[in-house]
Every structure is written in C-alpha cells, then in structure tokens.
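Beneath this line is the structure, given in structure tokens, with notes to follow.
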Amino acid sequence: MKALQTLQIETGEDPRVTVIWLHGLGASGHDFEPVVPELAFAREQAVRFIFPHAPELPVTVNGGMVMPAWYDILAMDIDRKVDAPQLKASADAVAQLIEQELEKGIPSENILIGGFSQGGAVAYELALSYPQKLGGLFLLSTYFATADSIRLAEANRNIPVFVGHGTYDPVVPESLGRAAAGKLEELGFKPEYRSYPMEHSLCLEEVRDLDRFFSRCLGS
C-alpha cells in the first residue's frame, strides 16, 4: 500500500504527544477534525493530531463501488466477512505514521491510536500487535475483526483501552462493540466500555469521556 495522505493539526508548538485517528468507511481524515477544539487535554499541551485518509477501494457490500476504505467488506455480517489481509495492510500503513512520529522524537508511550467503525477495526489490529509500548487505544462504534488471528505484542499487554458505542447503532450493532470488549477481557485487557443513546456517530458526552481518557493515558 502507498504511503497514506494525512490531515495534521497541531494545537501548539513542538508537540510531544500524537493522536492518530482513523475514519470510517466512505469518509475522510476531515471527518473528526471538528472534535479537536472540543478536547481540553489538547489545549493544556501541544498535541499533533494525525487524521489519515484511507485509500480508494471497491467495497463488495456496496455493489463494488469505489470509495475511501481501509479494507473490503465482503458480506453484511461485517465482523466476520472482511478482507483481513487488506485490513492488516492498512494497519502496516498506519504503523509507518507511528514510525515517522518516533523519528521526530515523540516517545512511543505518548502516541495514542484509535478509530471509528472500519478505522477502529484497523486500530485494534495495529495497536495490540505493535512491538513498542503505545499510550492508549480508543475504539468508537467498531468491532474486533481480527480477534481470532491477531498476534498480540507483549509491549502493549497493559495498554489503556476505551471502547464507546451507540445503543441505537444500525450499522455496527452495539452487540459487536460489547463482544469486542468481552474478547479484550478474555485476552487480559481491561477496557473501559461506555455506551451512548445515539446511532452510528459521535456525541458530545462521548467526546468528553474520550477527553478524560486521553488525559489519564498521558498522566495529566
């Protein structure tokens, strides 16, 4: 996969913290750009937000239509019928963004990874298999697509994890979010699970909870 194009926002000079946030199917890196001003932790310190743009791919469940996608979805039971090699290739591409941050001198434990829907599935694969300790993993309205195949990295066995989901989500049912959190617990992780009265989206209450999670990850 080619190097990813990104939208990057810095909340101050010389950031020492990086948040990499992956969008969902058919969206772009601009999708969560409006959230940045709502995050208090990023006003208290300089943070670099990296919002990658997914490549254009044909998506089987959408009639083969080409759209921004991290991987192909092969059937409507989205947690099972995904193109796992493509998903892992996307995780590798995002890992290159982590490497770039490390080269800039950002400590790996100051790098937070997460995503919404499809982006969250990639974040699961990337963060839990990454060989260096990361600061945190946040998973929004998503599912653990590679739960049965992932190779867990010892470096991230204790990574803080936030899982948020809408109780009325018609796209990724909340049952998949709860199942993912349960799988994490089986694997020895201690996810913070939150549900919200919303559909397949983000709400202000979730943003506030996420803000507090970011602060705890960074010890601030």
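A note on labels: chains of the structure tokens are A, B, ... as shown, every chain counts residues from 1, and ligands are counted from 1 in their shown order.
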
Let's see if you can do this: from backbone DSSP, list all helix (DSSP H, G or I) residues in stretch 13-163 of chain A, as an mmCIF file with N, CA, C and O atoms, in the first residue's frame.
data_model
loop_
_atom_site.group_PDB
_atom_site.id
_atom_site.type_symbol
_atom_site.label_atom_id
_atom_site.label_comp_id
_atom_site.auth_asym_id
_atom_site.auth_seq_id
_atom_site.Cartn_x
_atom_site.Cartn_y
_atom_site.Cartn_z
ATOM 1 N N GLY A 29 -10.148 11.878 6.349
ATOM 2 C CA GLY A 29 -9.478 12.367 7.547
ATOM 3 C C GLY A 29 -10.112 13.619 8.122
ATOM 4 O O GLY A 29 -9.909 13.947 9.294
ATOM 5 N N HIS A 30 -10.922 14.321 7.318
ATOM 6 C CA HIS A 30 -11.571 15.542 7.807
ATOM 7 C C HIS A 30 -12.757 15.234 8.725
ATOM 8 O O HIS A 30 -13.281 16.140 9.371
ATOM 9 N N ASP A 31 -13.174 13.970 8.765
ATOM 10 C CA ASP A 31 -14.400 13.598 9.460
ATOM 11 C C ASP A 31 -14.408 14.032 10.927
ATOM 12 O O ASP A 31 -15.414 14.509 11.436
ATOM 13 N N PHE A 32 -13.283 13.840 11.622
ATOM 14 C CA PHE A 32 -13.242 14.141 13.054
ATOM 15 C C PHE A 32 -12.414 15.388 13.365
ATOM 16 O O PHE A 32 -12.126 15.658 14.532
ATOM 17 N N GLU A 33 -12.079 16.140 12.336
ATOM 18 C CA GLU A 33 -11.365 17.403 12.517
ATOM 19 C C GLU A 33 -12.095 18.342 13.485
ATOM 20 O O GLU A 33 -11.459 18.975 14.340
ATOM 21 N N PRO A 34 -13.440 18.429 13.436
ATOM 22 C CA PRO A 34 -14.144 19.362 14.334
ATOM 23 C C PRO A 34 -14.065 18.971 15.807
ATOM 24 O O PRO A 34 -14.420 19.788 16.668
ATOM 25 N N VAL A 35 -13.634 17.751 16.104
ATOM 26 C CA VAL A 35 -13.560 17.320 17.505
ATOM 27 C C VAL A 35 -12.387 17.976 18.238
ATOM 28 O O VAL A 35 -12.446 18.220 19.444
ATOM 29 N N VAL A 36 -11.325 18.280 17.495
ATOM 30 C CA VAL A 36 -10.091 18.770 18.126
ATOM 31 C C VAL A 36 -10.323 19.953 19.064
ATOM 32 O O VAL A 36 -9.849 19.948 20.206
ATOM 33 N N PRO A 37 -11.055 20.994 18.658
ATOM 34 C CA PRO A 37 -11.248 22.140 19.561
ATOM 35 C C PRO A 37 -12.041 21.793 20.821
ATOM 36 O O PRO A 37 -12.029 22.573 21.789
ATOM 37 N N GLU A 38 -12.732 20.650 20.825
ATOM 38 C CA GLU A 38 -13.544 20.257 21.977
ATOM 39 C C GLU A 38 -12.737 19.515 23.045
ATOM 40 O O GLU A 38 -13.268 19.217 24.120
ATOM 41 N N PHE A 41 -7.712 18.375 26.884
ATOM 42 C CA PHE A 41 -6.342 17.911 27.096
ATOM 43 C C PHE A 41 -5.403 18.470 26.038
ATOM 44 O O PHE A 41 -4.208 18.663 26.296
ATOM 45 N N ALA A 42 -5.947 18.762 24.851
ATOM 46 C CA ALA A 42 -5.124 19.289 23.768
ATOM 47 C C ALA A 42 -4.964 20.797 23.840
ATOM 48 O O ALA A 42 -4.177 21.381 23.092
ATOM 49 N N ARG A 43 -5.701 21.435 24.732
ATOM 50 C CA ARG A 43 -5.479 22.862 24.984
ATOM 51 C C ARG A 43 -4.453 23.057 26.099
ATOM 52 O O ARG A 43 -3.825 24.113 26.196
ATOM 53 N N GLU A 44 -4.289 22.030 26.918
ATOM 54 C CA GLU A 44 -3.361 22.102 28.048
ATOM 55 C C GLU A 44 -1.932 21.766 27.646
ATOM 56 O O GLU A 44 -0.995 22.022 28.404
ATOM 57 N N THR A 60 -17.368 -4.563 -1.655
ATOM 58 C CA THR A 60 -18.301 -5.573 -2.144
ATOM 59 C C THR A 60 -19.728 -5.332 -1.681
ATOM 60 O O THR A 60 -20.670 -5.397 -2.480
ATOM 61 N N VAL A 61 -19.922 -5.048 -0.375
ATOM 62 C CA VAL A 61 -21.293 -4.888 0.134
ATOM 63 C C VAL A 61 -21.969 -3.644 -0.425
ATOM 64 O O VAL A 61 -23.190 -3.517 -0.332
ATOM 65 N N ASN A 62 -21.212 -2.735 -1.006
ATOM 66 C CA ASN A 62 -21.781 -1.540 -1.632
ATOM 67 C C ASN A 62 -21.784 -1.678 -3.151
ATOM 68 O O ASN A 62 -21.627 -0.702 -3.883
ATOM 69 N N ALA A 84 -9.229 -9.609 5.532
ATOM 70 C CA ALA A 84 -8.256 -9.482 6.619
ATOM 71 C C ALA A 84 -6.861 -9.085 6.120
ATOM 72 O O ALA A 84 -6.204 -8.243 6.752
ATOM 73 N N PRO A 85 -6.359 -9.653 5.015
ATOM 74 C CA PRO A 85 -5.048 -9.205 4.531
ATOM 75 C C PRO A 85 -5.025 -7.716 4.203
ATOM 76 O O PRO A 85 -4.030 -7.024 4.472
ATOM 77 N N GLN A 86 -6.124 -7.219 3.634
ATOM 78 C CA GLN A 86 -6.215 -5.788 3.310
ATOM 79 C C GLN A 86 -6.242 -4.962 4.598
ATOM 80 O O GLN A 86 -5.601 -3.902 4.689
ATOM 81 N N LEU A 87 -6.979 -5.438 5.595
ATOM 82 C CA LEU A 87 -7.033 -4.750 6.883
ATOM 83 C C LEU A 87 -5.638 -4.663 7.491
ATOM 84 O O LEU A 87 -5.213 -3.598 7.975
ATOM 85 N N LYS A 88 -4.908 -5.767 7.442
ATOM 86 C CA LYS A 88 -3.561 -5.781 8.023
ATOM 87 C C LYS A 88 -2.607 -4.896 7.221
ATOM 88 O O LYS A 88 -1.709 -4.277 7.792
ATOM 89 N N ALA A 89 -2.820 -4.821 5.911
ATOM 90 C CA ALA A 89 -2.001 -3.913 5.099
ATOM 91 C C ALA A 89 -2.249 -2.465 5.501
ATOM 92 O O ALA A 89 -1.316 -1.649 5.552
ATOM 93 N N SER A 90 -3.496 -2.143 5.802
ATOM 94 C CA SER A 90 -3.811 -0.788 6.271
ATOM 95 C C SER A 90 -3.162 -0.528 7.625
ATOM 96 O O SER A 90 -2.641 0.562 7.879
ATOM 97 N N ALA A 91 -3.186 -1.538 8.504
ATOM 98 C CA ALA A 91 -2.527 -1.390 9.805
ATOM 99 C C ALA A 91 -1.038 -1.128 9.614
ATOM 100 O O ALA A 91 -0.446 -0.285 10.310
ATOM 101 N N ASP A 92 -0.424 -1.821 8.673
ATOM 102 C CA ASP A 92 1.001 -1.606 8.393
ATOM 103 C C ASP A 92 1.250 -0.192 7.877
ATOM 104 O O ASP A 92 2.264 0.435 8.214
ATOM 105 N N ALA A 93 0.331 0.302 7.044
ATOM 106 C CA ALA A 93 0.485 1.661 6.504
ATOM 107 C C ALA A 93 0.389 2.702 7.619
ATOM 108 O O ALA A 93 1.138 3.683 7.643
ATOM 109 N N VAL A 94 -0.521 2.484 8.565
ATOM 110 C CA VAL A 94 -0.645 3.414 9.690
ATOM 111 C C VAL A 94 0.572 3.287 10.608
ATOM 112 O O VAL A 94 1.026 4.275 11.192
ATOM 113 N N ALA A 95 1.113 2.079 10.711
ATOM 114 C CA ALA A 95 2.327 1.889 11.516
ATOM 115 C C ALA A 95 3.473 2.753 10.994
ATOM 116 O O ALA A 95 4.318 3.213 11.772
ATOM 117 N N GLN A 96 3.494 2.999 9.689
ATOM 118 C CA GLN A 96 4.524 3.876 9.121
ATOM 119 C C GLN A 96 4.382 5.302 9.662
ATOM 120 O O GLN A 96 5.376 6.010 9.833
ATOM 121 N N LEU A 97 3.153 5.715 9.946
ATOM 122 C CA LEU A 97 2.939 7.036 10.536
ATOM 123 C C LEU A 97 3.492 7.082 11.964
ATOM 124 O O LEU A 97 4.043 8.097 12.392
ATOM 125 N N ILE A 98 3.344 5.969 12.685
ATOM 126 C CA ILE A 98 3.941 5.896 14.024
ATOM 127 C C ILE A 98 5.454 6.026 13.923
ATOM 128 O O ILE A 98 6.084 6.767 14.693
ATOM 129 N N GLU A 99 6.036 5.314 12.972
ATOM 130 C CA GLU A 99 7.486 5.367 12.804
ATOM 131 C C GLU A 99 7.958 6.790 12.521
ATOM 132 O O GLU A 99 8.990 7.229 13.033
ATOM 133 N N GLN A 100 7.184 7.519 11.729
ATOM 134 C CA GLN A 100 7.548 8.903 11.429
ATOM 135 C C GLN A 100 7.523 9.760 12.687
ATOM 136 O O GLN A 100 8.367 10.646 12.868
ATOM 137 N N GLU A 101 6.562 9.498 13.570
ATOM 138 C CA GLU A 101 6.492 10.250 14.820
ATOM 139 C C GLU A 101 7.674 9.907 15.728
ATOM 140 O O GLU A 101 8.245 10.784 16.383
ATOM 141 N N LEU A 102 8.032 8.638 15.768
ATOM 142 C CA LEU A 102 9.191 8.230 16.571
ATOM 143 C C LEU A 102 10.457 8.920 16.069
ATOM 144 O O LEU A 102 11.300 9.358 16.860
ATOM 145 N N GLU A 103 10.570 9.053 14.744
ATOM 146 C CA GLU A 103 11.739 9.717 14.163
ATOM 147 C C GLU A 103 11.776 11.201 14.522
ATOM 148 O O GLU A 103 12.852 11.812 14.564
ATOM 149 N N SER A 108 7.116 6.643 22.170
ATOM 150 C CA SER A 108 6.028 5.760 21.732
ATOM 151 C C SER A 108 4.866 5.766 22.716
ATOM 152 O O SER A 108 3.701 5.685 22.315
ATOM 153 N N GLU A 109 5.163 5.905 24.024
ATOM 154 C CA GLU A 109 4.085 5.896 25.019
ATOM 155 C C GLU A 109 3.268 7.188 25.015
ATOM 156 O O GLU A 109 2.278 7.300 25.735
ATOM 157 N N ASN A 110 3.680 8.163 24.199
ATOM 158 C CA ASN A 110 2.913 9.399 24.020
ATOM 159 C C ASN A 110 2.123 9.382 22.718
ATOM 160 O O ASN A 110 1.623 10.417 22.270
ATOM 161 N N GLN A 118 -14.805 1.190 10.650
ATOM 162 C CA GLN A 118 -13.707 0.492 9.967
ATOM 163 C C GLN A 118 -12.343 0.904 10.522
ATOM 164 O O GLN A 118 -11.455 0.074 10.699
ATOM 165 N N GLY A 119 -12.185 2.180 10.775
ATOM 166 C CA GLY A 119 -10.913 2.668 11.306
ATOM 167 C C GLY A 119 -10.589 2.062 12.654
ATOM 168 O O GLY A 119 -9.426 1.815 12.986
ATOM 169 N N GLY A 120 -11.620 1.806 13.453
ATOM 170 C CA GLY A 120 -11.412 1.170 14.746
ATOM 171 C C GLY A 120 -10.930 -0.259 14.610
ATOM 172 O O GLY A 120 -10.086 -0.723 15.386
ATOM 173 N N ALA A 121 -11.461 -0.980 13.617
ATOM 174 C CA ALA A 121 -11.024 -2.359 13.390
ATOM 175 C C ALA A 121 -9.537 -2.399 13.031
ATOM 176 O O ALA A 121 -8.797 -3.290 13.469
ATOM 177 N N VAL A 122 -9.084 -1.418 12.249
ATOM 178 C CA VAL A 122 -7.661 -1.320 11.919
ATOM 179 C C VAL A 122 -6.855 -0.966 13.166
ATOM 180 O O VAL A 122 -5.767 -1.503 13.395
ATOM 181 N N ALA A 123 -7.405 -0.072 13.989
ATOM 182 C CA ALA A 123 -6.707 0.335 15.215
ATOM 183 C C ALA A 123 -6.524 -0.837 16.168
ATOM 184 O O ALA A 123 -5.473 -0.968 16.820
ATOM 185 N N TYR A 124 -7.539 -1.698 16.288
ATOM 186 C CA TYR A 124 -7.401 -2.915 17.103
ATOM 187 C C TYR A 124 -6.165 -3.696 16.654
ATOM 188 O O TYR A 124 -5.303 -4.058 17.465
ATOM 189 N N GLU A 125 -6.115 -3.988 15.362
ATOM 190 C CA GLU A 125 -5.021 -4.808 14.820
ATOM 191 C C GLU A 125 -3.671 -4.144 15.030
ATOM 192 O O GLU A 125 -2.710 -4.785 15.464
ATOM 193 N N LEU A 126 -3.597 -2.860 14.746
ATOM 194 C CA LEU A 126 -2.320 -2.152 14.822
ATOM 195 C C LEU A 126 -1.814 -2.039 16.251
ATOM 196 O O LEU A 126 -0.687 -2.449 16.572
ATOM 197 N N ALA A 127 -2.624 -1.483 17.134
ATOM 198 C CA ALA A 127 -2.146 -1.163 18.484
ATOM 199 C C ALA A 127 -1.803 -2.414 19.284
ATOM 200 O O ALA A 127 -0.786 -2.450 19.988
ATOM 201 N N LEU A 128 -2.632 -3.452 19.175
ATOM 202 C CA LEU A 128 -2.411 -4.627 20.014
ATOM 203 C C LEU A 128 -1.283 -5.515 19.511
ATOM 204 O O LEU A 128 -0.804 -6.385 20.237
ATOM 205 N N SER A 129 -0.844 -5.286 18.276
ATOM 206 C CA SER A 129 0.270 -6.071 17.733
ATOM 207 C C SER A 129 1.552 -5.250 17.588
ATOM 208 O O SER A 129 2.594 -5.783 17.194
ATOM 209 N N GLU A 154 3.719 -8.221 23.442
ATOM 210 C CA GLU A 154 3.886 -8.115 24.891
ATOM 211 C C GLU A 154 3.993 -6.664 25.329
ATOM 212 O O GLU A 154 3.554 -6.296 26.424
ATOM 213 N N ALA A 155 4.555 -5.806 24.479
ATOM 214 C CA ALA A 155 4.768 -4.401 24.835
ATOM 215 C C ALA A 155 3.453 -3.684 25.140
ATOM 216 O O ALA A 155 3.428 -2.707 25.895
ATOM 217 N N ASN A 156 2.337 -4.165 24.553
ATOM 218 C CA ASN A 156 1.063 -3.478 24.734
ATOM 219 C C ASN A 156 0.017 -4.316 25.466
ATOM 220 O O ASN A 156 -1.189 -4.086 25.336
#

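If you count only C-alpha atoms and ignore residues fewer than 5 places along the chain from A:Ile50, what sits within 8 Å of it is Thr6, Leu7, Gln8, Ile9, Thr18, Val19, Ile20 and Trp21 of chain A.
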
Next on the checklist: For the strand (DSSP E or B) assignment from backbone DSSP, which residues of stretch 117-177 of chain A qualify? Please present them as a ChimeraX atom specification.
Outcome noted: /A:136-140,161-166

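If only C-alpha atoms are the atoms counted, then among A:His165, A:Arg178, A:Arg212, A:Lys183 the closest residue to A:Leu140 is A:His165.
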
Checklist entry - What is the atom CA of A:Tyr143 to atom CA of A:Val47 distance in Å? => result 27.0 Å

Item to check | Nearest to A:Pro107 by atom-to-atom distance, counting only C-alpha atoms, from A:Val66, A:Ala153, A:Ser215, A:Val17 | outcome: A:Val17

Name the residues in contact with A:Gly182 at a cut-off of 10 Å, using only C-alpha atoms, excluding same-chain residues fewer than 6 positions from it; report them as an mmCIF file with all heavy atoms, in the first residue's frame.
data_model
loop_
_atom_site.group_PDB
_atom_site.id
_atom_site.type_symbol
_atom_site.label_atom_id
_atom_site.label_comp_id
_atom_site.auth_asym_id
_atom_site.auth_seq_id
_atom_site.Cartn_x
_atom_site.Cartn_y
_atom_site.Cartn_z
ATOM 1 N N LEU A 176 -21.785 -5.923 18.828
ATOM 2 C CA LEU A 176 -20.420 -6.157 18.344
ATOM 3 C C LEU A 176 -19.407 -5.387 19.186
ATOM 4 O O LEU A 176 -18.300 -5.870 19.429
ATOM 5 C CB LEU A 176 -20.299 -5.757 16.868
ATOM 6 C CG LEU A 176 -21.133 -6.568 15.884
ATOM 7 C CD1 LEU A 176 -20.844 -6.117 14.460
ATOM 8 C CD2 LEU A 176 -20.862 -8.056 16.020
ATOM 9 N N GLY A 188 -7.038 -10.573 28.587
ATOM 10 C CA GLY A 188 -6.308 -10.000 29.713
ATOM 11 C C GLY A 188 -6.270 -8.486 29.764
ATOM 12 O O GLY A 188 -5.635 -7.914 30.657
ATOM 13 N N PHE A 189 -6.962 -7.814 28.835
ATOM 14 C CA PHE A 189 -7.005 -6.357 28.845
ATOM 15 C C PHE A 189 -8.125 -5.878 29.766
ATOM 16 O O PHE A 189 -8.994 -6.650 30.164
ATOM 17 C CB PHE A 189 -7.215 -5.817 27.428
ATOM 18 C CG PHE A 189 -6.103 -6.151 26.481
ATOM 19 C CD1 PHE A 189 -6.178 -7.270 25.656
ATOM 20 C CD2 PHE A 189 -4.956 -5.373 26.421
ATOM 21 C CE1 PHE A 189 -5.142 -7.603 24.784
ATOM 22 C CE2 PHE A 189 -3.912 -5.685 25.557
ATOM 23 C CZ PHE A 189 -4.014 -6.807 24.746
ATOM 24 N N LYS A 190 -8.094 -4.602 30.104
ATOM 25 C CA LYS A 190 -9.105 -4.026 30.988
ATOM 26 C C LYS A 190 -9.736 -2.814 30.317
ATOM 27 O O LYS A 190 -9.461 -1.667 30.675
ATOM 28 C CB LYS A 190 -8.470 -3.639 32.326
ATOM 29 C CG LYS A 190 -7.911 -4.836 33.096
ATOM 30 C CD LYS A 190 -7.241 -4.407 34.397
ATOM 31 C CE LYS A 190 -6.682 -5.612 35.144
ATOM 32 N NZ LYS A 190 -5.993 -5.222 36.406
ATOM 33 N N PRO A 191 -10.580 -3.060 29.325
ATOM 34 C CA PRO A 191 -11.168 -1.941 28.590
ATOM 35 C C PRO A 191 -12.180 -1.162 29.416
ATOM 36 O O PRO A 191 -12.888 -1.721 30.260
ATOM 37 C CB PRO A 191 -11.864 -2.632 27.405
ATOM 38 C CG PRO A 191 -12.200 -3.996 27.920
ATOM 39 C CD PRO A 191 -11.053 -4.366 28.819
ATOM 40 N N TYR A 193 -15.584 0.500 28.979
ATOM 41 C CA TYR A 193 -16.670 0.439 27.999
ATOM 42 C C TYR A 193 -17.743 1.471 28.343
ATOM 43 O O TYR A 193 -18.195 1.553 29.479
ATOM 44 C CB TYR A 193 -17.314 -0.951 27.964
ATOM 45 C CG TYR A 193 -18.333 -1.078 26.842
ATOM 46 C CD1 TYR A 193 -17.941 -1.480 25.580
ATOM 47 C CD2 TYR A 193 -19.667 -0.742 27.054
ATOM 48 C CE1 TYR A 193 -18.854 -1.550 24.542
ATOM 49 C CE2 TYR A 193 -20.588 -0.812 26.030
ATOM 50 C CZ TYR A 193 -20.168 -1.223 24.772
ATOM 51 O OH TYR A 193 -21.075 -1.289 23.739
#

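Here atom CA of A:Phe138 stands at a distance of 19.5 Å from atom CA of A:Gln45.
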
Checklist outcome for this item: Counting only C-alpha atoms, closest pick from A:Phe49, A:Tyr168, A:Phe162, A:Phe116 relative to A:Leu137 is A:Phe162

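Straight-line separation from atom CA of A:Ile113 to atom CA of A:Trp70: 15.1 Å.
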
Next on the checklist: I'd like the neighbourhood of A:Gly136 as a PyMOL selection string, where a residue qualifies if any of its atoms comes within 7 Å (using only C-alpha atoms), though same-chain residues fewer than 6 positions away should be ignored.
Outcome noted: chain A and resi 112-113+159-161+217

For the selection you just gave me, I'd like the residues written to a file as a PDB file, in the first residue's frame, keeping C-alpha atoms.
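Now in selection-v2.pdb:
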ATOM      1  CA  LEU A 112      -2.451   7.260  21.039  1.00  0.00           C
ATOM      2  CA  ILE A 113      -4.146   5.215  18.320  1.00  0.00           C
ATOM      3  CA  ILE A 159      -2.356  -0.608  27.076  1.00  0.00           C
ATOM      4  CA  PRO A 160      -5.267   1.555  28.299  1.00  0.00           C
ATOM      5  CA  VAL A 161      -8.342   0.913  26.126  1.00  0.00           C
ATOM      6  CA  CYS A 217      -3.322   7.892  29.341  1.00  0.00           C
TER       7      CYS A 217
END

Checklist entry - Hey, which of A:Ala179, A:Arg16, A:Leu57, A:Leu22 ends up closest to A:Ile106? Count only C-alpha atoms. => result A:Arg16

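Distances from A:Pro15, A:Gly26, A:Arg157, A:His53 to A:Pro131 were compared using only C-alpha atoms, and the smallest one belongs to A:Arg157.
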
Next on the checklist: Which residues are near A:Asp211? Cut-off 8 Å, only C-alpha atoms, ignore same chain within fewer than 3 positions. Put them as a PyMOL selection string.
Outcome noted: chain A and resi 39-41+207-208+214-215

Dump C-alpha atoms for the selected residues as a PDB file, in the first residue's frame?
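Heads up, here's the output in selection_33.pdb:
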ATOM      1  CA  LEU A  39     -10.684  18.372  23.656  1.00  0.00           C
ATOM      2  CA  ALA A  40      -9.434  20.108  26.789  1.00  0.00           C
ATOM      3  CA  PHE A  41      -6.342  17.911  27.096  1.00  0.00           C
ATOM      4  CA  VAL A 207     -16.142  13.320  23.340  1.00  0.00           C
ATOM      5  CA  ARG A 208     -15.985  14.363  26.993  1.00  0.00           C
ATOM      6  CA  PHE A 214      -6.662  10.855  26.803  1.00  0.00           C
ATOM      7  CA  SER A 215      -5.665  12.785  29.919  1.00  0.00           C
TER       8      SER A 215
END
